[in-house]
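Everything below concerns the one structure shown next.
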Amino acid sequence: LQSRQNSMSHEKQSFSTKLYSLKPAALQILDSGKALARSGELLIEYTSKSNYNLYGGGLSAAGASIRTAGDCIAQAGASMRFKTASEIVIDEFREAGTCLLEGSKNHLVKGVDDADVDKNIQLKDQIGFLIEFMEGSGNMLEETGEKIMKRDTVTEIGSSLVNCSDYLEKLALGIQLVGSCKDDDKDDYEKENEESRNIVKESCTRMLYASEKMKEAGNNLQGIEPPKKKGKAWLKA
């Protein structure tokens, strides 16, 4: 019995130590989540301003999924600083992944159908382009939560975060292209879409920042140091 208790104590300590070793990535994950949530909000706002009448459709719902995923990631980052919050961290990462997977497989697919009904082929193709990268980022977030649950090494966990950041970067660039789609039937396209195109551009910018912070978090866990500042850049630090 004593041996079993010692074994259980060792396992609990091992899990806590592993979770505590994620602390170097906590701030970056928190920042990434906040930026991703804002990106989702801006995507929703874009659909309400666009002259394509996208609000309430599939792309708008995908923006809501991105916003919720960002909130989950931010909560995971805030909880990573504490040794006793293992279940919260795991749940939040996996929930973020589920949100993005739902957004890709359900909402973006609906967005493609919406554009098809409107006979906007360019928009249809561009929304379809997003599906792979939104799904990929969701898979990587679920994988991150699973690796923490299975007590994988921090290096392996960091690898999943870096892979997620790569998908987010591609997703961000794809979202910006959505704002550049043109409906040839609308002569006043440039005037009507200037505001909405600026909004979707900002959505892209926020997601790129989320990707950058996610990669920093992954690199921290893998022990990869950020590139050193060149020249006299250190004088500005």
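In the structure tokens, chains take the letters A, B, ... in the order shown, each chain's residues start at 1, and ligands count up from 1 in the order shown.
Close contacts of Glu169 of chain A, defined as residues with an atom at most 9 Å away when counting only C-alpha atoms, with chain neighbours fewer than 2 positions off set aside, comprise Phe133, Cys164, Ser165, Asp166, Tyr167, Leu171, Ala172, Leu173, Gly174, Cys204, Met207, Leu208, Tyr209, Ala210, Ser211 and Glu212 of chain A.
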**Request:** Name the residues of segment 79-117 of chain A that fall into alpha helix (DSSP H) according to DSSP on the backbone, using the chain letters and numbers of this document, as a ChimeraX atom specification.
**Result:** /A:79,86-102,109-117
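If you measure from each of A:Asn139, A:Ser159, A:Gln75, A:Ser196 to Glu216 of chain A using only C-alpha atoms, the closest one turns out to be A:Ser159.
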**Asked** Using only C-alpha atoms, which residue out of A:Gly57, A:Gly103, A:Pro24, A:Gly179 lies closest to Gly218 of chain A?
**Response**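 Checking each candidate against Gly218 of chain A, we get A:Pro24 as the closest.
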**Fill in**
Between A:Leu221, A:Ile29, A:Leu42, A:Leu123, smallest distance to Thr155 of chain A by only C-alpha atoms belongs to A:Leu221
**Prompt:** Can you tell me how far atom CA of Asn163 of chain A sits from atom CA of Thr144 of chain A, in Å to one decimal?
**Reply:** 10.1 Å
**Prompt:** Can you tell me, as number ranges by chain, what residues are no more than 12 Å from Glu87 of chain A when counting only C-alpha atoms, ignoring any on the same chain fewer than 3 positions away?
**Reply:** A: 15-16, 19, 75-76, 79-80, 82-84, 90-95, 145-146, 148-150
**Prompt:** What does the distance from atom CA of Lys170 of chain A to atom CA of Lys23 of chain A come to in Å, to one decimal?
**Reply:**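 Interatomic distance, atom CA of Lys170 of chain A to atom CA of Lys23 of chain A: 27.1 Å.
Between Ala62 of chain A and the residues A:Asn193, A:Gln122, A:Ser104, A:Ser86, the shortest atom-to-atom distance, using only C-alpha atoms, involves A:Ser104.
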**Message:** I'd like the interatomic distance between atom CA of Arg67 of chain A and atom CA of Val200 of chain A, to a tenth of an Å.
**Reply:** 14.2 Å
**Asked** Looking at A:Cys99, A:Leu36, A:Val154, A:Ala26, which one is nearest to Thr205 of chain A, with distances taken over only C-alpha atoms?
**Response**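 Smallest separation from Thr205 of chain A among the options: A:Leu36.
The residue that comes closest to Val112 of chain A, out of A:Gly63, A:Gly77, A:Gly70, A:Gly128 and on the basis of only C-alpha atoms, is A:Gly128.
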**Message:** Give me the residues near Ser60 of chain A as number ranges by chain, where near means some atom within 8 Å (using only C-alpha atoms) and where sequence neighbours in that chain fewer than 5 positions away do not count.
**Reply:** A: 43-44, 47, 54-55
